[in-house]
Amino acid sequence: MKPSNRLLIQDKYFVPYLSEHQMYQRVKELGKQLATDYKDKKPLLLCILNGSFVFAADLVRSMDTVCQVSFLKYSSYVKDQSSGKTKDLLGIQGLNEDLKDRHLIVVEDIVDTGNTINQLLKELSSHQPASIEVATCLFKPSALKFDISPKYVAFSIPNYFVIGYGLDYDNYGRHLAGIYICDEDNKNDK
Ligand code: 5GP
């Protein structure tokens, strides 16, 4: 990897992993698949802030179907380590939509341990929706600690710490158009 490809974000170096073009192509495909699967179902997309904002914006614009979009906010990452606890910052109680009998699509940036999604799916189920599925931009199967399997996944990746396309390190790096991995992770076999 040429030194010029490395980005310094705070105290860590990151290198390119998935390009802007790869993200664009794959997210477009996923949007088309969702549009087919949810035709005439008027799904409600529940996008998890902050990390999913870029993915959600691209995904929803690739979905040629009638749908609604709302946002939830939780926090479980401190710098680059999952704290294991999610903090409800903008929860289901704040939604304007009634979830009963709705087809829900939870839109996540990344499923890592699965803790956030696991808690959220339990909470959402209690509102008696017609269905719930997860659409995640990235999925780290080897980091998973809960019995969940997201149905819609743009990319499965190794257990690397990644940034870009909405994902951050210490709230930096969200603006990057592609996905970057931490250069230290890159050197370890994960
Ligand atoms: P989980 O609850 O599945 O362990 O983690 C979910 C949240 O942790 C994600 O929504 C994301 O905000 C954060 N997260 C997990 N892995 C990464 C990663 O590799 N990079 C970044 N930037 N955030 C991550």
# chains A, B, ... in the order shown; residues from 1 in each chain; ligands from 1
call {"tool": "residues_around", "arguments": {"residues": "Asp37 of chain A", "least_positions_apart": "6", "cutoff": "12 Å", "atoms": "only C-alpha atoms", "output": "list in words"}}
result
Leu30, Gly31, Pro43, Met63, Asp64, Thr65, His103, Ile105, Glu133, Lys151 and Tyr152 of chain A
call {"tool": "write_last_selection", "arguments": {"atoms": "C-alpha atoms", "output": "PDB file, in the first residue's frame"}}
result
ATOM      1  CA  LEU A  30     -29.830  -3.913  -2.541  1.00  0.00           C
ATOM      2  CA  GLY A  31     -32.327  -1.085  -3.030  1.00  0.00           C
ATOM      3  CA  PRO A  43     -42.528  -0.400   4.405  1.00  0.00           C
ATOM      4  CA  MET A  63     -35.867   1.850  -3.831  1.00  0.00           C
ATOM      5  CA  ASP A  64     -38.447   2.549  -6.443  1.00  0.00           C
ATOM      6  CA  THR A  65     -41.377   1.833  -4.142  1.00  0.00           C
ATOM      7  CA  HIS A 103     -43.551  -3.817   7.554  1.00  0.00           C
ATOM      8  CA  ILE A 105     -36.916  -2.410   7.762  1.00  0.00           C
ATOM      9  CA  GLU A 133     -36.076  -7.263   8.676  1.00  0.00           C
ATOM     10  CA  LYS A 151     -31.513 -10.508   5.686  1.00  0.00           C
ATOM     11  CA  TYR A 152     -30.198  -7.625   3.570  1.00  0.00           C
TER      12      TYR A 152
END
call {"tool": "residues_around", "arguments": {"residues": "segment 9-23 of chain A", "least_positions_apart": "6", "cutoff": "7 Å", "atoms": "only C-alpha atoms", "output": "VMD selection string"}}
result
chain A and resid 172 177 to 183
call {"tool": "atom_distance", "arguments": {"atom1": "atom CA of Tyr38 of chain A", "atom2": "atom CA of Glu108 of chain A"}}
result
17.9 Å
call {"tool": "residues_around", "arguments": {"residues": "Tyr165 of chain A", "least_positions_apart": "2", "cutoff": "8 Å", "atoms": "only C-alpha atoms", "output": "PyMOL selection string"}}
result
chain A and resi 54-55+163+167+174-179
call {"tool": "select_by_dssp", "arguments": {"residues": "segment 30-178 of chain A", "states": "strand (DSSP E or B)", "output": "PDB file with N, CA and C atoms, in the first residue's frame"}}
result
ATOM      1  N   LEU A  44     -41.843   0.769   6.384  1.00  0.00           N
ATOM      2  CA  LEU A  44     -41.312   1.893   7.159  1.00  0.00           C
ATOM      3  C   LEU A  44     -39.842   1.586   7.436  1.00  0.00           C
ATOM      4  N   LEU A  45     -38.951   2.421   6.911  1.00  0.00           N
ATOM      5  CA  LEU A  45     -37.522   2.238   7.153  1.00  0.00           C
ATOM      6  C   LEU A  45     -37.147   2.970   8.431  1.00  0.00           C
ATOM      7  N   LEU A  46     -36.572   2.240   9.376  1.00  0.00           N
ATOM      8  CA  LEU A  46     -36.119   2.846  10.627  1.00  0.00           C
ATOM      9  C   LEU A  46     -34.595   2.885  10.584  1.00  0.00           C
ATOM     10  N   CYS A  47     -34.060   4.065  10.329  1.00  0.00           N
ATOM     11  CA  CYS A  47     -32.617   4.205  10.113  1.00  0.00           C
ATOM     12  C   CYS A  47     -31.938   4.569  11.425  1.00  0.00           C
ATOM     13  N   ILE A  48     -30.860   3.855  11.732  1.00  0.00           N
ATOM     14  CA  ILE A  48     -30.174   4.064  13.007  1.00  0.00           C
ATOM     15  C   ILE A  48     -29.067   5.107  12.841  1.00  0.00           C
ATOM     16  N   LEU A  49     -29.235   6.218  13.534  1.00  0.00           N
ATOM     17  CA  LEU A  49     -28.248   7.302  13.504  1.00  0.00           C
ATOM     18  C   LEU A  49     -27.112   7.011  14.487  1.00  0.00           C
ATOM     19  N   GLN A  68     -41.907   4.803   3.869  1.00  0.00           N
ATOM     20  CA  GLN A  68     -41.688   5.918   4.794  1.00  0.00           C
ATOM     21  C   GLN A  68     -40.324   5.735   5.453  1.00  0.00           C
ATOM     22  N   VAL A  69     -39.757   6.846   5.924  1.00  0.00           N
ATOM     23  CA  VAL A  69     -38.421   6.811   6.529  1.00  0.00           C
ATOM     24  C   VAL A  69     -38.450   7.549   7.864  1.00  0.00           C
ATOM     25  N   SER A  70     -37.904   6.910   8.898  1.00  0.00           N
ATOM     26  CA  SER A  70     -37.781   7.569  10.192  1.00  0.00           C
ATOM     27  C   SER A  70     -36.426   7.224  10.809  1.00  0.00           C
ATOM     28  N   PHE A  71     -36.085   7.895  11.898  1.00  0.00           N
ATOM     29  CA  PHE A  71     -34.736   7.740  12.463  1.00  0.00           C
ATOM     30  C   PHE A  71     -34.765   7.421  13.953  1.00  0.00           C
ATOM     31  N   LEU A  72     -33.838   6.552  14.347  1.00  0.00           N
ATOM     32  CA  LEU A  72     -33.652   6.224  15.761  1.00  0.00           C
ATOM     33  C   LEU A  72     -32.179   6.465  16.075  1.00  0.00           C
ATOM     34  N   LYS A  73     -31.893   6.764  17.332  1.00  0.00           N
ATOM     35  CA  LYS A  73     -30.484   6.990  17.668  1.00  0.00           C
ATOM     36  C   LYS A  73     -30.099   6.255  18.950  1.00  0.00           C
ATOM     37  N   TYR A  74     -29.060   5.419  18.836  1.00  0.00           N
ATOM     38  CA  TYR A  74     -28.498   4.712  19.984  1.00  0.00           C
ATOM     39  C   TYR A  74     -27.000   4.950  19.952  1.00  0.00           C
ATOM     40  N   SER A  75     -26.336   4.653  21.054  1.00  0.00           N
ATOM     41  CA  SER A  75     -24.890   4.801  21.030  1.00  0.00           C
ATOM     42  C   SER A  75     -24.254   3.670  21.819  1.00  0.00           C
ATOM     43  N   SER A  76     -23.289   2.949  21.188  1.00  0.00           N
ATOM     44  CA  SER A  76     -22.610   1.882  21.931  1.00  0.00           C
ATOM     45  C   SER A  76     -21.112   1.874  21.695  1.00  0.00           C
ATOM     46  N   TYR A  77     -20.617   2.737  20.811  1.00  0.00           N
ATOM     47  CA  TYR A  77     -19.184   2.748  20.522  1.00  0.00           C
ATOM     48  C   TYR A  77     -18.500   3.941  21.163  1.00  0.00           C
ATOM     49  N   VAL A  78     -17.434   3.657  21.870  1.00  0.00           N
ATOM     50  CA  VAL A  78     -16.605   4.728  22.397  1.00  0.00           C
ATOM     51  C   VAL A  78     -15.292   4.609  21.640  1.00  0.00           C
ATOM     52  N   GLN A  81     -14.003   0.959  20.264  1.00  0.00           N
ATOM     53  CA  GLN A  81     -14.365  -0.234  21.035  1.00  0.00           C
ATOM     54  C   GLN A  81     -15.838  -0.182  21.410  1.00  0.00           C
ATOM     55  N   SER A  82     -16.538  -1.308  21.159  1.00  0.00           N
ATOM     56  CA  SER A  82     -17.946  -1.354  21.538  1.00  0.00           C
ATOM     57  C   SER A  82     -18.036  -1.435  23.049  1.00  0.00           C
ATOM     58  N   SER A  83     -18.844  -0.574  23.653  1.00  0.00           N
ATOM     59  CA  SER A  83     -18.997  -0.595  25.110  1.00  0.00           C
ATOM     60  C   SER A  83     -19.880  -1.746  25.550  1.00  0.00           C
ATOM     61  N   GLY A  84     -20.612  -2.363  24.610  1.00  0.00           N
ATOM     62  CA  GLY A  84     -21.491  -3.482  24.953  1.00  0.00           C
ATOM     63  C   GLY A  84     -22.844  -3.025  25.461  1.00  0.00           C
ATOM     64  N   LYS A  85     -22.962  -1.752  25.788  1.00  0.00           N
ATOM     65  CA  LYS A  85     -24.248  -1.233  26.262  1.00  0.00           C
ATOM     66  C   LYS A  85     -24.762  -0.229  25.251  1.00  0.00           C
ATOM     67  N   THR A  86     -26.055  -0.284  24.944  1.00  0.00           N
ATOM     68  CA  THR A  86     -26.584   0.738  24.049  1.00  0.00           C
ATOM     69  C   THR A  86     -27.323   1.777  24.874  1.00  0.00           C
ATOM     70  N   LYS A  87     -27.154   3.016  24.497  1.00  0.00           N
ATOM     71  CA  LYS A  87     -27.830   4.112  25.186  1.00  0.00           C
ATOM     72  C   LYS A  87     -28.891   4.644  24.231  1.00  0.00           C
ATOM     73  N   ASP A  88     -30.123   4.708  24.696  1.00  0.00           N
ATOM     74  CA  ASP A  88     -31.246   5.146  23.879  1.00  0.00           C
ATOM     75  C   ASP A  88     -31.260   6.677  23.846  1.00  0.00           C
ATOM     76  N   LEU A  89     -30.886   7.265  22.697  1.00  0.00           N
ATOM     77  CA  LEU A  89     -30.815   8.730  22.635  1.00  0.00           C
ATOM     78  C   LEU A  89     -32.037   9.325  21.936  1.00  0.00           C
ATOM     79  N   LEU A  90     -32.592   8.581  20.995  1.00  0.00           N
ATOM     80  CA  LEU A  90     -33.755   9.047  20.216  1.00  0.00           C
ATOM     81  C   LEU A  90     -34.536   7.781  19.910  1.00  0.00           C
ATOM     82  N   HIS A 103     -44.725  -3.057   7.989  1.00  0.00           N
ATOM     83  CA  HIS A 103     -43.551  -3.817   7.554  1.00  0.00           C
ATOM     84  C   HIS A 103     -42.331  -2.939   7.838  1.00  0.00           C
ATOM     85  N   LEU A 104     -41.541  -3.361   8.828  1.00  0.00           N
ATOM     86  CA  LEU A 104     -40.405  -2.532   9.265  1.00  0.00           C
ATOM     87  C   LEU A 104     -39.091  -3.030   8.665  1.00  0.00           C
ATOM     88  N   ILE A 105     -38.281  -2.091   8.216  1.00  0.00           N
ATOM     89  CA  ILE A 105     -36.916  -2.410   7.762  1.00  0.00           C
ATOM     90  C   ILE A 105     -35.963  -1.567   8.612  1.00  0.00           C
ATOM     91  N   VAL A 106     -35.183  -2.233   9.461  1.00  0.00           N
ATOM     92  CA  VAL A 106     -34.207  -1.516  10.280  1.00  0.00           C
ATOM     93  C   VAL A 106     -32.961  -1.312   9.423  1.00  0.00           C
ATOM     94  N   VAL A 107     -32.556  -0.070   9.260  1.00  0.00           N
ATOM     95  CA  VAL A 107     -31.408   0.248   8.406  1.00  0.00           C
ATOM     96  C   VAL A 107     -30.200   0.593   9.286  1.00  0.00           C
ATOM     97  N   GLU A 108     -29.188  -0.278   9.251  1.00  0.00           N
ATOM     98  CA  GLU A 108     -27.992  -0.130  10.097  1.00  0.00           C
ATOM     99  C   GLU A 108     -26.763   0.137   9.243  1.00  0.00           C
ATOM    100  N   ASP A 109     -25.775   0.809   9.827  1.00  0.00           N
ATOM    101  CA  ASP A 109     -24.499   0.983   9.131  1.00  0.00           C
ATOM    102  C   ASP A 109     -23.704  -0.308   9.163  1.00  0.00           C
ATOM    103  N   ILE A 110     -23.655  -0.930  10.358  1.00  0.00           N
ATOM    104  CA  ILE A 110     -22.834  -2.135  10.497  1.00  0.00           C
ATOM    105  C   ILE A 110     -23.374  -2.987  11.640  1.00  0.00           C
ATOM    106  N   VAL A 111     -23.423  -4.290  11.430  1.00  0.00           N
ATOM    107  CA  VAL A 111     -23.742  -5.211  12.529  1.00  0.00           C
ATOM    108  C   VAL A 111     -22.423  -5.857  12.936  1.00  0.00           C
ATOM    109  N   SER A 131     -44.044  -7.270  10.001  1.00  0.00           N
ATOM    110  CA  SER A 131     -42.765  -7.966   9.782  1.00  0.00           C
ATOM    111  C   SER A 131     -41.622  -7.033  10.157  1.00  0.00           C
ATOM    112  N   ILE A 132     -40.474  -7.625  10.464  1.00  0.00           N
ATOM    113  CA  ILE A 132     -39.258  -6.817  10.710  1.00  0.00           C
ATOM    114  C   ILE A 132     -38.090  -7.506  10.015  1.00  0.00           C
ATOM    115  N   GLU A 133     -37.324  -6.754   9.238  1.00  0.00           N
ATOM    116  CA  GLU A 133     -36.076  -7.263   8.676  1.00  0.00           C
ATOM    117  C   GLU A 133     -34.995  -6.209   8.897  1.00  0.00           C
ATOM    118  N   VAL A 134     -33.746  -6.667   8.787  1.00  0.00           N
ATOM    119  CA  VAL A 134     -32.623  -5.750   8.960  1.00  0.00           C
ATOM    120  C   VAL A 134     -31.901  -5.581   7.618  1.00  0.00           C
ATOM    121  N   ALA A 135     -31.651  -4.342   7.248  1.00  0.00           N
ATOM    122  CA  ALA A 135     -30.814  -4.047   6.082  1.00  0.00           C
ATOM    123  C   ALA A 135     -29.565  -3.337   6.606  1.00  0.00           C
ATOM    124  N   THR A 136     -28.430  -3.983   6.463  1.00  0.00           N
ATOM    125  CA  THR A 136     -27.199  -3.374   6.976  1.00  0.00           C
ATOM    126  C   THR A 136     -26.178  -3.191   5.862  1.00  0.00           C
ATOM    127  N   CYS A 137     -25.473  -2.096   5.935  1.00  0.00           N
ATOM    128  CA  CYS A 137     -24.459  -1.839   4.918  1.00  0.00           C
ATOM    129  C   CYS A 137     -23.324  -2.851   5.063  1.00  0.00           C
ATOM    130  N   LEU A 138     -22.856  -3.035   6.313  1.00  0.00           N
ATOM    131  CA  LEU A 138     -21.742  -3.959   6.562  1.00  0.00           C
ATOM    132  C   LEU A 138     -22.120  -4.954   7.641  1.00  0.00           C
ATOM    133  N   PHE A 139     -21.547  -6.140   7.571  1.00  0.00           N
ATOM    134  CA  PHE A 139     -21.818  -7.193   8.543  1.00  0.00           C
ATOM    135  C   PHE A 139     -20.497  -7.899   8.828  1.00  0.00           C
ATOM    136  N   TYR A 152     -30.744  -8.442   4.662  1.00  0.00           N
ATOM    137  CA  TYR A 152     -30.198  -7.625   3.570  1.00  0.00           C
ATOM    138  C   TYR A 152     -28.834  -7.064   3.987  1.00  0.00           C
ATOM    139  N   VAL A 153     -27.781  -7.541   3.345  1.00  0.00           N
ATOM    140  CA  VAL A 153     -26.412  -7.143   3.697  1.00  0.00           C
ATOM    141  C   VAL A 153     -25.716  -6.659   2.428  1.00  0.00           C
ATOM    142  N   ALA A 154     -25.182  -5.447   2.460  1.00  0.00           N
ATOM    143  CA  ALA A 154     -24.439  -4.980   1.273  1.00  0.00           C
ATOM    144  C   ALA A 154     -23.103  -5.718   1.179  1.00  0.00           C
ATOM    145  N   PHE A 155     -22.325  -5.708   2.269  1.00  0.00           N
ATOM    146  CA  PHE A 155     -21.032  -6.404   2.274  1.00  0.00           C
ATOM    147  C   PHE A 155     -20.787  -7.087   3.615  1.00  0.00           C
ATOM    148  N   SER A 156     -20.383  -8.365   3.577  1.00  0.00           N
ATOM    149  CA  SER A 156     -19.861  -9.034   4.778  1.00  0.00           C
ATOM    150  C   SER A 156     -18.357  -8.791   4.787  1.00  0.00           C
ATOM    151  N   VAL A 162     -13.698  -0.286  10.767  1.00  0.00           N
ATOM    152  CA  VAL A 162     -13.806   0.449   9.503  1.00  0.00           C
ATOM    153  C   VAL A 162     -14.412   1.840   9.708  1.00  0.00           C
ATOM    154  N   ILE A 163     -14.104   2.717   8.775  1.00  0.00           N
ATOM    155  CA  ILE A 163     -14.714   4.051   8.777  1.00  0.00           C
ATOM    156  C   ILE A 163     -15.109   4.412   7.338  1.00  0.00           C
ATOM    157  N   GLY A 164     -15.830   5.516   7.213  1.00  0.00           N
ATOM    158  CA  GLY A 164     -16.231   6.022   5.899  1.00  0.00           C
ATOM    159  C   GLY A 164     -17.660   5.650   5.589  1.00  0.00           C
ATOM    160  N   LEU A 167     -19.651   5.912   8.591  1.00  0.00           N
ATOM    161  CA  LEU A 167     -19.059   5.357   9.822  1.00  0.00           C
ATOM    162  C   LEU A 167     -17.889   6.215  10.286  1.00  0.00           C
ATOM    163  N   TYR A 169     -14.592   7.356  13.203  1.00  0.00           N
ATOM    164  CA  TYR A 169     -13.670   7.088  14.303  1.00  0.00           C
ATOM    165  C   TYR A 169     -13.633   8.380  15.107  1.00  0.00           C
ATOM    166  N   TYR A 172     -15.031  11.331  13.395  1.00  0.00           N
ATOM    167  CA  TYR A 172     -14.390  11.786  12.155  1.00  0.00           C
ATOM    168  C   TYR A 172     -14.456  10.675  11.103  1.00  0.00           C
TER     169      TYR A 172
END
call {"tool": "residues_around", "arguments": {"residues": "Asp147 of chain A", "least_positions_apart": "3", "cutoff": "12 Å", "atoms": "only C-alpha atoms", "output": "compact mmCIF listing (two decimals) with N, CA and C atoms, in the first residue's frame"}}
result
# COMPACT_ATOMS: atom_id res chain seq x y z
N THR A 113 -21.17 -6.90 16.98
CA THR A 113 -21.54 -7.97 17.92
C THR A 113 -23.01 -8.35 17.75
N GLY A 114 -23.82 -7.43 17.21
CA GLY A 114 -25.26 -7.67 17.05
C GLY A 114 -26.07 -7.20 18.24
N ASN A 115 -25.38 -6.64 19.25
CA ASN A 115 -26.05 -6.21 20.47
C ASN A 115 -27.13 -5.16 20.21
N ILE A 117 -28.76 -4.36 17.43
CA ILE A 117 -29.89 -4.89 16.65
C ILE A 117 -30.72 -5.86 17.49
N ASN A 118 -30.05 -6.68 18.26
CA ASN A 118 -30.75 -7.65 19.09
C ASN A 118 -31.72 -6.95 20.05
N GLN A 119 -31.22 -5.92 20.72
CA GLN A 119 -32.07 -5.17 21.67
C GLN A 119 -33.21 -4.48 20.94
N LEU A 121 -34.57 -5.22 18.00
CA LEU A 121 -35.56 -6.14 17.43
C LEU A 121 -36.55 -6.60 18.50
N LYS A 122 -36.03 -6.84 19.71
CA LYS A 122 -36.91 -7.23 20.82
C LYS A 122 -37.92 -6.12 21.10
N PRO A 141 -19.58 -11.14 10.38
CA PRO A 141 -20.08 -12.41 10.93
C PRO A 141 -19.20 -12.96 12.05
N ALA A 143 -17.68 -11.41 14.35
CA ALA A 143 -17.79 -10.66 15.61
C ALA A 143 -19.13 -10.89 16.30
N LEU A 144 -20.04 -11.58 15.60
CA LEU A 144 -21.43 -11.73 16.07
C LEU A 144 -21.52 -12.53 17.37
N PRO A 150 -29.03 -10.72 9.72
CA PRO A 150 -29.61 -9.67 8.88
C PRO A 150 -29.91 -10.20 7.48
call {"tool": "select_by_dssp", "arguments": {"residues": "segment 106-143 of chain A", "states": "alpha helix (DSSP H)", "output": "count of residues only"}}
result
11
call {"tool": "atom_distance", "arguments": {"atom1": "atom CA of Gly91 of chain A", "atom2": "atom CA of Thr116 of chain A"}}
result
12.3 Å
call {"tool": "closest_residue", "arguments": {"among": "A:Leu120, A:Leu34, A:Leu59, A:Leu95", "to": "ligand 1", "atoms": "only C-alpha atoms and all ligand atoms"}}
result
A:Leu120
call {"tool": "atom_distance", "arguments": {"atom1": "atom CA of Leu99 of chain A", "atom2": "atom CA of Gln128 of chain A"}}
result
7.0 Å
call {"tool": "closest_residue", "arguments": {"among": "A:His127, A:Phe53, A:Ser62, A:Asp101", "to": "ligand 1", "atoms": "only C-alpha atoms and all ligand atoms"}}
result
A:Phe53
call {"tool": "closest_residue", "arguments": {"among": "A:Ser125, A:Thr36, A:Ser52, A:Gln93", "to": "ligand 1", "atoms": "only C-alpha atoms and all ligand atoms"}}
result
A:Ser52
call {"tool": "decode", "arguments": {"residues": "segment 68-160 of chain A", "atoms": "C-alpha atoms", "output": "mmCIF file, in the first residue's frame"}}
result
data_model
loop_
_atom_site.group_PDB
_atom_site.id
_atom_site.type_symbol
_atom_site.label_atom_id
_atom_site.label_comp_id
_atom_site.auth_asym_id
_atom_site.auth_seq_id
_atom_site.Cartn_x
_atom_site.Cartn_y
_atom_site.Cartn_z
ATOM 1 C CA GLN A 68 -41.688 5.918 4.794
ATOM 2 C CA VAL A 69 -38.421 6.811 6.529
ATOM 3 C CA SER A 70 -37.781 7.569 10.192
ATOM 4 C CA PHE A 71 -34.736 7.740 12.463
ATOM 5 C CA LEU A 72 -33.652 6.224 15.761
ATOM 6 C CA LYS A 73 -30.484 6.990 17.668
ATOM 7 C CA TYR A 74 -28.498 4.712 19.984
ATOM 8 C CA SER A 75 -24.890 4.801 21.030
ATOM 9 C CA SER A 76 -22.610 1.882 21.931
ATOM 10 C CA TYR A 77 -19.184 2.748 20.522
ATOM 11 C CA VAL A 78 -16.605 4.728 22.397
ATOM 12 C CA LYS A 79 -13.821 5.563 19.921
ATOM 13 C CA ASP A 80 -13.130 2.153 18.307
ATOM 14 C CA GLN A 81 -14.365 -0.234 21.035
ATOM 15 C CA SER A 82 -17.946 -1.354 21.538
ATOM 16 C CA SER A 83 -18.997 -0.595 25.110
ATOM 17 C CA GLY A 84 -21.491 -3.482 24.953
ATOM 18 C CA LYS A 85 -24.248 -1.233 26.262
ATOM 19 C CA THR A 86 -26.584 0.738 24.049
ATOM 20 C CA LYS A 87 -27.830 4.112 25.186
ATOM 21 C CA ASP A 88 -31.246 5.146 23.879
ATOM 22 C CA LEU A 89 -30.815 8.730 22.635
ATOM 23 C CA LEU A 90 -33.755 9.047 20.216
ATOM 24 C CA GLY A 91 -35.898 5.992 20.749
ATOM 25 C CA ILE A 92 -39.060 4.350 19.508
ATOM 26 C CA GLN A 93 -41.170 6.486 21.853
ATOM 27 C CA GLY A 94 -40.180 9.530 19.806
ATOM 28 C CA LEU A 95 -41.487 8.119 16.505
ATOM 29 C CA ASN A 96 -44.592 9.648 14.943
ATOM 30 C CA GLU A 97 -45.507 6.404 13.192
ATOM 31 C CA ASP A 98 -47.588 3.632 14.757
ATOM 32 C CA LEU A 99 -45.572 0.416 14.292
ATOM 33 C CA LYS A 100 -48.499 -1.993 14.633
ATOM 34 C CA ASP A 101 -49.100 -4.022 11.428
ATOM 35 C CA ARG A 102 -46.300 -2.175 9.601
ATOM 36 C CA HIS A 103 -43.551 -3.817 7.554
ATOM 37 C CA LEU A 104 -40.405 -2.532 9.265
ATOM 38 C CA ILE A 105 -36.916 -2.410 7.762
ATOM 39 C CA VAL A 106 -34.207 -1.516 10.280
ATOM 40 C CA VAL A 107 -31.408 0.248 8.406
ATOM 41 C CA GLU A 108 -27.992 -0.130 10.097
ATOM 42 C CA ASP A 109 -24.499 0.983 9.131
ATOM 43 C CA ILE A 110 -22.834 -2.135 10.497
ATOM 44 C CA VAL A 111 -23.742 -5.211 12.529
ATOM 45 C CA ASP A 112 -20.743 -6.015 14.712
ATOM 46 C CA THR A 113 -21.543 -7.973 17.921
ATOM 47 C CA GLY A 114 -25.258 -7.668 17.048
ATOM 48 C CA ASN A 115 -26.047 -6.214 20.473
ATOM 49 C CA THR A 116 -27.728 -3.043 19.176
ATOM 50 C CA ILE A 117 -29.887 -4.886 16.654
ATOM 51 C CA ASN A 118 -30.754 -7.651 19.091
ATOM 52 C CA GLN A 119 -32.066 -5.170 21.666
ATOM 53 C CA LEU A 120 -33.878 -3.130 19.060
ATOM 54 C CA LEU A 121 -35.559 -6.144 17.432
ATOM 55 C CA LYS A 122 -36.914 -7.233 20.818
ATOM 56 C CA GLU A 123 -38.260 -3.747 21.491
ATOM 57 C CA LEU A 124 -39.790 -3.426 18.018
ATOM 58 C CA SER A 125 -41.461 -6.879 18.218
ATOM 59 C CA SER A 126 -43.438 -5.778 21.244
ATOM 60 C CA HIS A 127 -45.186 -3.204 19.015
ATOM 61 C CA GLN A 128 -46.708 -6.001 16.882
ATOM 62 C CA PRO A 129 -45.416 -5.017 13.431
ATOM 63 C CA ALA A 130 -46.456 -7.121 10.405
ATOM 64 C CA SER A 131 -42.765 -7.966 9.782
ATOM 65 C CA ILE A 132 -39.258 -6.817 10.710
ATOM 66 C CA GLU A 133 -36.076 -7.263 8.676
ATOM 67 C CA VAL A 134 -32.623 -5.750 8.960
ATOM 68 C CA ALA A 135 -30.814 -4.047 6.082
ATOM 69 C CA THR A 136 -27.199 -3.374 6.976
ATOM 70 C CA CYS A 137 -24.459 -1.839 4.918
ATOM 71 C CA LEU A 138 -21.742 -3.959 6.562
ATOM 72 C CA PHE A 139 -21.818 -7.193 8.543
ATOM 73 C CA LYS A 140 -18.957 -8.753 10.537
ATOM 74 C CA PRO A 141 -20.077 -12.406 10.930
ATOM 75 C CA SER A 142 -17.012 -13.343 12.981
ATOM 76 C CA ALA A 143 -17.787 -10.656 15.614
ATOM 77 C CA LEU A 144 -21.427 -11.728 16.066
ATOM 78 C CA LYS A 145 -22.437 -12.660 19.629
ATOM 79 C CA PHE A 146 -26.219 -12.799 19.270
ATOM 80 C CA ASP A 147 -28.589 -15.094 17.411
ATOM 81 C CA ILE A 148 -29.532 -12.709 14.612
ATOM 82 C CA SER A 149 -29.042 -12.865 10.857
ATOM 83 C CA PRO A 150 -29.611 -9.673 8.876
ATOM 84 C CA LYS A 151 -31.513 -10.508 5.686
ATOM 85 C CA TYR A 152 -30.198 -7.625 3.570
ATOM 86 C CA VAL A 153 -26.412 -7.143 3.697
ATOM 87 C CA ALA A 154 -24.439 -4.980 1.273
ATOM 88 C CA PHE A 155 -21.032 -6.404 2.274
ATOM 89 C CA SER A 156 -19.861 -9.034 4.778
ATOM 90 C CA ILE A 157 -16.404 -8.083 6.029
ATOM 91 C CA PRO A 158 -13.752 -9.542 8.366
ATOM 92 C CA ASN A 159 -13.530 -8.279 11.934
ATOM 93 C CA TYR A 160 -11.823 -4.994 10.999
#
